[in-house]
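Novice: Pasting entry14.csv below, which is CSV, C-alpha atoms.
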```csv
chain,number,residue,atom,x,y,z
A,1,MET,CA,17.2,11.7,25.3
A,2,SER,CA,14.3,9.5,26.5
A,3,ALA,CA,12.0,7.7,24.1
A,4,ARG,CA,9.1,10.1,24.9
A,5,GLU,CA,11.4,13.2,24.4
A,6,ARG,CA,12.6,11.8,21.1
A,7,LEU,CA,9.1,11.0,19.9
A,8,THR,CA,7.9,14.4,20.8
A,9,ARG,CA,10.7,16.1,18.9
A,10,LEU,CA,10.0,13.9,15.8
A,11,ILE,CA,6.3,14.7,16.0
A,12,ASP,CA,7.0,18.4,16.1
A,13,LEU,CA,9.2,18.0,13.0
A,14,ALA,CA,6.7,15.9,11.1
A,15,PRO,CA,4.0,18.4,9.9
A,16,GLY,CA,6.4,20.7,7.9
A,17,GLY,CA,9.7,20.5,6.1
A,18,ALA,CA,10.9,20.0,2.6
A,19,PRO,CA,10.9,16.6,0.9
A,20,GLU,CA,14.5,15.9,1.9
A,21,GLU,CA,13.7,16.8,5.5
A,22,ARG,CA,10.8,14.4,5.5
A,23,ARG,CA,13.0,11.7,4.0
A,24,GLN,CA,15.6,12.2,6.7
A,25,LEU,CA,12.9,12.1,9.4
A,26,ALA,CA,11.6,8.8,7.9
A,27,ILE,CA,15.1,7.3,7.9
A,28,GLU,CA,15.6,8.3,11.5
A,29,LEU,CA,12.3,6.7,12.5
A,30,THR,CA,13.2,3.5,10.5
A,31,GLU,CA,16.6,3.3,12.2
A,32,VAL,CA,15.0,3.5,15.6
A,33,LEU,CA,12.5,0.7,14.8
A,34,LEU,CA,15.1,-1.5,13.3
A,35,ASP,CA,17.6,-1.0,16.1
A,36,TRP,CA,15.3,-0.4,19.1
A,37,PRO,CA,17.3,1.1,22.0
A,38,GLU,CA,17.4,-1.1,25.1
A,39,ASP,CA,16.3,1.8,27.4
A,40,TYR,CA,13.2,2.6,25.3
A,41,PRO,CA,9.9,1.0,26.6
A,42,GLU,CA,8.6,-1.6,24.3
A,43,HIS,CA,5.1,-0.2,24.3
A,44,MET,CA,6.3,3.0,22.6
A,45,ARG,CA,7.4,1.1,19.5
A,46,ALA,CA,3.9,1.3,18.1
A,47,SER,CA,3.9,5.2,18.4
A,48,PHE,CA,7.2,5.5,16.5
A,49,ALA,CA,5.8,3.1,13.8
A,50,LEU,CA,2.6,5.0,13.5
A,51,LEU,CA,4.4,8.3,13.0
A,52,LEU,CA,6.6,6.7,10.3
A,53,GLU,CA,3.6,5.3,8.5
A,54,LYS,CA,2.1,8.8,8.3
A,55,ILE,CA,5.3,10.3,7.0
A,56,VAL,CA,5.7,7.5,4.4
A,57,VAL,CA,2.5,8.6,2.7
A,58,GLN,CA,4.1,12.0,2.0
A,59,LEU,CA,7.4,10.6,0.5
A,60,ASP,CA,8.2,10.5,-3.2
A,61,GLY,CA,8.7,7.2,-5.0
A,62,PRO,CA,12.5,7.0,-4.7
A,63,SER,CA,12.4,7.8,-1.0
A,64,ARG,CA,9.8,5.1,-0.4
A,65,LYS,CA,11.9,2.5,-2.3
A,66,GLU,CA,14.9,3.5,-0.3
A,67,LEU,CA,13.0,3.1,2.9
A,68,ALA,CA,11.4,-0.2,1.9
A,69,ALA,CA,14.9,-1.6,1.1
A,70,ARG,CA,15.9,-1.1,4.8
A,71,PHE,CA,13.3,-3.6,5.9
A,72,SER,CA,13.7,-7.4,5.3
A,73,PRO,CA,11.6,-10.5,5.9
A,74,GLY,CA,11.5,-11.3,9.6
A,75,VAL,CA,12.0,-7.8,10.8
A,76,GLU,CA,9.4,-6.8,13.4
A,77,ALA,CA,7.3,-4.0,11.9
A,78,PRO,CA,3.5,-3.3,12.0
A,79,LEU,CA,1.6,-4.8,9.1
A,80,SER,CA,0.0,-1.5,8.2
A,81,LEU,CA,3.4,0.0,7.7
A,82,MET,CA,4.5,-3.0,5.5
A,83,ASN,CA,1.3,-2.8,3.5
A,84,GLU,CA,2.0,0.9,2.9
A,85,LEU,CA,5.4,0.0,1.5
A,86,TYR,CA,4.1,-3.0,-0.6
A,87,PHE,CA,4.5,-1.5,-4.0
A,88,ASP,CA,8.0,-0.2,-3.1
A,89,SER,CA,9.3,-3.5,-1.9
A,90,GLY,CA,11.2,-6.2,-3.7
A,91,ARG,CA,9.9,-9.7,-4.5
A,92,GLU,CA,11.1,-11.4,-1.2
A,93,MET,CA,9.6,-8.6,1.0
A,94,ARG,CA,6.3,-8.6,-0.9
A,95,GLU,CA,6.0,-12.3,-0.2
A,96,ALA,CA,6.6,-11.7,3.5
A,97,ILE,CA,4.0,-9.0,3.5
A,98,LEU,CA,1.4,-11.3,1.9
A,99,ARG,CA,2.2,-14.0,4.5
A,100,GLN,CA,1.7,-11.4,7.3
A,101,ASN,CA,-1.7,-10.5,5.8
A,102,ALA,CA,-2.6,-14.2,5.6
A,103,GLN,CA,-2.4,-14.3,9.4
A,104,ALA,CA,-4.2,-11.0,10.0
A,105,ALA,CA,-7.9,-10.8,10.9
A,106,MET,CA,-10.4,-8.9,8.8
A,107,ASP,CA,-11.6,-5.7,10.3
A,108,ASP,CA,-15.4,-5.8,10.6
A,109,GLU,CA,-15.5,-2.0,10.4
A,110,PHE,CA,-14.7,-2.2,6.7
A,111,ALA,CA,-17.3,-4.5,5.1
A,112,PRO,CA,-16.9,-5.5,1.4
A,113,LEU,CA,-18.1,-2.7,-0.9
A,114,PRO,CA,-20.1,-3.5,-4.0
A,115,VAL,CA,-18.3,-2.3,-7.1
A,116,ASP,CA,-20.1,-1.1,-10.3
A,117,GLU,CA,-18.3,-3.5,-12.6
A,118,PRO,CA,-20.1,-2.3,-15.8
A,119,SER,CA,-19.0,1.2,-15.2
A,120,LEU,CA,-15.4,0.0,-14.5
A,121,ILE,CA,-15.3,-1.9,-17.7
A,122,ARG,CA,-16.6,1.1,-19.6
A,123,ALA,CA,-14.0,3.3,-18.1
A,124,ALA,CA,-11.2,0.9,-19.1
A,125,ARG,CA,-12.5,0.8,-22.7
A,126,GLU,CA,-13.2,4.5,-23.2
A,127,TYR,CA,-11.1,6.6,-20.8
A,128,PRO,CA,-7.5,7.7,-21.1
A,129,PRO,CA,-5.1,6.1,-18.6
A,130,GLU,CA,-5.1,9.0,-16.1
A,131,THR,CA,-8.9,9.2,-16.1
A,132,PHE,CA,-9.3,5.5,-15.8
A,133,ALA,CA,-7.0,5.4,-12.7
A,134,GLN,CA,-9.2,8.0,-11.1
A,135,THR,CA,-12.4,6.1,-11.9
A,136,PHE,CA,-10.8,2.9,-10.7
A,137,ALA,CA,-9.8,4.5,-7.4
A,138,ARG,CA,-13.2,6.0,-6.9
A,139,LEU,CA,-15.2,2.9,-7.6
A,140,LEU,CA,-13.0,0.7,-5.4
A,141,GLY,CA,-12.8,3.2,-2.6
A,142,ILE,CA,-9.0,3.4,-2.5
A,143,PRO,CA,-6.4,6.1,-2.8
A,144,LEU,CA,-5.7,7.3,-6.4
A,145,VAL,CA,-2.0,6.7,-5.9
A,146,THR,CA,-2.7,3.0,-5.0
A,147,ALA,CA,-4.8,2.5,-8.1
A,148,ALA,CA,-2.1,4.1,-10.3
A,149,ARG,CA,0.6,1.9,-8.7
A,150,ALA,CA,-1.4,-1.3,-9.1
A,151,ILE,CA,-2.0,-0.5,-12.8
A,152,ALA,CA,1.6,0.3,-13.4
A,153,ASP,CA,2.9,-2.7,-11.4
A,154,ALA,CA,5.1,-4.6,-13.9
A,155,SER,CA,4.6,-7.9,-12.0
A,156,GLY,CA,0.9,-7.7,-12.4
A,157,GLU,CA,0.5,-8.8,-8.7
A,158,GLY,CA,-0.7,-5.4,-7.5
A,159,LEU,CA,-3.5,-5.3,-10.0
A,160,VAL,CA,-4.5,-8.9,-9.3
A,161,ILE,CA,-4.6,-8.2,-5.5
A,162,LEU,CA,-6.6,-5.1,-6.0
A,163,CYS,CA,-9.2,-6.7,-8.3
A,164,LYS,CA,-9.5,-10.0,-6.5
A,165,GLY,CA,-9.6,-8.3,-3.1
A,166,ALA,CA,-12.5,-6.1,-4.3
A,167,HIS,CA,-14.2,-9.3,-5.4
A,168,LEU,CA,-14.3,-8.3,-9.1
A,169,SER,CA,-15.2,-11.1,-11.5
A,170,ARG,CA,-12.5,-12.8,-13.6
A,171,ALA,CA,-14.1,-11.4,-16.7
A,172,THR,CA,-13.9,-7.8,-15.4
A,173,PHE,CA,-10.3,-8.4,-14.4
A,174,SER,CA,-9.5,-9.8,-17.8
A,175,THR,CA,-10.9,-6.8,-19.5
A,176,ILE,CA,-8.9,-4.4,-17.3
A,177,ALA,CA,-5.7,-6.4,-17.7
A,178,MET,CA,-6.0,-6.5,-21.5
A,179,LEU,CA,-6.8,-2.8,-21.9
A,180,THR,CA,-4.2,-1.4,-19.5
A,181,ASP,CA,-1.3,-3.5,-20.7
A,182,ALA,CA,0.3,-3.0,-24.1
A,183,SER,CA,1.9,-6.4,-24.0
A,184,LEU,CA,-0.4,-9.4,-24.6
A,185,ASP,CA,2.1,-11.7,-23.1
A,186,SER,CA,2.2,-9.6,-19.9
A,187,ALA,CA,-1.6,-9.4,-19.8
A,188,GLN,CA,-1.8,-13.2,-20.1
A,189,ARG,CA,0.6,-13.6,-17.2
A,190,LYS,CA,-1.7,-11.4,-15.1
A,191,LEU,CA,-4.6,-13.7,-16.0
A,192,GLU,CA,-2.6,-16.7,-14.9
A,193,LEU,CA,-1.7,-14.9,-11.7
A,194,PHE,CA,-5.3,-14.2,-11.0
A,195,GLU,CA,-6.0,-17.9,-10.5
A,196,ILE,CA,-3.1,-18.2,-8.0
A,197,VAL,CA,-3.3,-15.2,-5.6
A,198,PRO,CA,-5.6,-16.1,-2.6
A,199,GLU,CA,-8.7,-14.0,-2.4
A,200,ASP,CA,-8.7,-13.7,1.4
A,201,ILE,CA,-5.2,-12.2,1.5
A,202,SER,CA,-6.2,-9.8,-1.3
A,203,ALA,CA,-9.3,-8.8,0.6
A,204,ARG,CA,-7.2,-7.8,3.6
A,205,MET,CA,-4.9,-5.7,1.4
A,206,VAL,CA,-7.9,-4.0,-0.1
A,207,GLN,CA,-9.4,-3.4,3.3
A,208,PHE,CA,-6.1,-1.7,4.3
A,209,TRP,CA,-6.0,0.5,1.2
A,210,ARG,CA,-9.6,1.6,1.7
A,211,ALA,CA,-8.8,2.6,5.2
A,212,GLN,CA,-5.7,4.5,3.9
A,213,ARG,CA,-7.9,6.6,1.6
A,214,GLY,CA,-9.4,8.3,4.6
A,215,THR,CA,-5.9,8.7,6.1
A,216,ARG,CA,-4.6,10.4,3.0
A,217,GLN,CA,-7.6,12.7,2.8
A,218,ALA,CA,-7.1,13.7,6.4
A,219,ILE,CA,-3.4,14.4,5.8
A,220,ALA,CA,-4.2,16.5,2.7
A,221,ALA,CA,-6.7,18.5,4.6
```
In structure tokens, how does this file's structure come out?
Specialist:
Amino acid sequence: MSARERLTRLIDLAPGGAPEERRQLAIELTEVLLDWPEDYPEHMRASFALLLEKIVVQLDGPSRKELAARFSPGVEAPLSLMNELYFDSGREMREAILRQNAQAAMDDEFAPLPVDEPSLIRAAREYPPETFAQTFARLLGIPLVTAARAIADASGEGLVILCKGAHLSRATFSTIAMLTDASLDSAQRKLELFEIVPEDISARMVQFWRAQRGTRQAIAA
């Protein structure tokens, strides 16, 4: 089967299917990318990767983690795909993803958005966790699932990247960190991490997540 025939078959399978079928489809696409057939044209790699990225959005948490574990630092994969798997990746892979973002150029199409920080702080203080996540996502212009993962990220790095990349003040971040984390020690570690994570890398990640909001809405429609 030629690369074009295989891609066409996978595209035809992508729109429907049960969760397990989507998982198997994602695994097949991953295996193709990680072990690229010698007789497949190199220029078609991007098409396979794009299809995988669209399917990953529809996978459940365990399937995403299983998929992320198949990638390792140094593996050739589009940055957008790696960014999509950021929250599902281990420490070493996360560091590799951030290094890739450090080398990427900002997209002028997605200019920084002003964030209503007083409303965000009020939401952190007054709203239950689920409602706050929704408000957080809306005010930052990112997918709800990304906001929820960042808040729940035990390392604190996801929340730091999201807040720093959206150019929130340290005071706003401090309030969010303290009110969304039951452990004061954990909240303090997040504050220390806020001083370390580079703002330019964080901004690129946030830019990607804002672009993904439109992608997820299109898929849901």
Novice: With only C-alpha atoms as the atoms that count, which of A:Leu98, A:Leu184, A:Ala203, A:Leu179 lies nearest to Leu113 in chain A?
Specialist: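 Between A:Leu98, A:Leu184, A:Ala203, A:Leu179, the residue approaching Leu113 in chain A most closely is A:Ala203.
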Novice: Using all atoms listed in the file, what residues lie at most 6 Å away from (-1.7, -5.2, -16.1) (file coordinates), given as a short mmCIF file (atom, residue, chain, number, x, y, z; two decimals) with C-alpha atoms, keeping the file's coordinate frame?
Specialist:
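Saved file part-v3.cif follows:
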```
data_model
loop_
_atom_site.label_atom_id
_atom_site.label_comp_id
_atom_site.auth_asym_id
_atom_site.auth_seq_id
_atom_site.Cartn_x
_atom_site.Cartn_y
_atom_site.Cartn_z
CA ILE A 151 -2.00 -0.50 -12.80
CA GLY A 156 0.90 -7.70 -12.40
CA ALA A 177 -5.70 -6.40 -17.70
CA THR A 180 -4.20 -1.40 -19.50
CA ASP A 181 -1.30 -3.50 -20.70
CA ALA A 187 -1.60 -9.40 -19.80
#
```
Novice: Given the choices A:Leu168, A:Met44, A:Ala69, A:Ala148, which gets closest to Arg4 in chain A if the distance is worked out from all atoms listed in the file?
Specialist: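 Result for the nearest residue to Arg4 in chain A: A:Met44.
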Novice: Which residues are near range 20-23 of chain A? Cut-off 8 Å, only C-alpha atoms, ignore same chain within fewer than 5 positions. Put them as a VMD selection string.
Specialist: chain A and resid 14 55 58 to 59 63
Novice: Which residue is closest to Ile11 in chain A? Choose from A:Asp60, A:Val145, A:Leu52, A:Arg45 and count all atoms listed in the file.
Specialist: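 Counting all atoms listed in the file, the residue closest to Ile11 in chain A is A:Leu52.
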Novice: What is the CA of Lys54 in chain A-CA of Leu13 in chain A distance in Å, reported with one decimal?
Specialist: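 CA of Leu13 in chain A lies at a distance of 12.5 Å from CA of Lys54 in chain A.
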Novice: Counting all atoms listed in the file, which residue out of A:Arg189, A:Arg99, A:Lys164, A:Arg170 sits closest to Asn83 in chain A?
Specialist: A:Arg99
Novice: Identify which of the residues A:Glu42, A:Ala3, A:Ala68, A:Leu139 lies closest to Ile27 in chain A, counting all atoms listed in the file when measuring atom-to-atom distances.
Specialist: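 Ranking A:Glu42, A:Ala3, A:Ala68, A:Leu139 by distance to Ile27 in chain A, first place goes to A:Ala68.
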Novice: Select, from A:Phe48, A:Tyr86, A:Tyr40, A:Leu34, the residue with the minimum atom-to-atom distance to Leu10 in chain A, counting all atoms listed in the file.
Specialist: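 Between A:Phe48, A:Tyr86, A:Tyr40, A:Leu34, the residue approaching Leu10 in chain A most closely is A:Phe48.
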Novice: Leu33 in chain A: which residues within 9 Å, counting all atoms listed in the file, same-chain residues fewer than 4 positions away excluded, as a list of chain:residue names?
Specialist: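 Listed by chain and then number, they are A:Glu28, A:Leu29, A:Pro37, A:Arg45, A:Phe48, A:Ala49, A:Glu76, A:Ala77.
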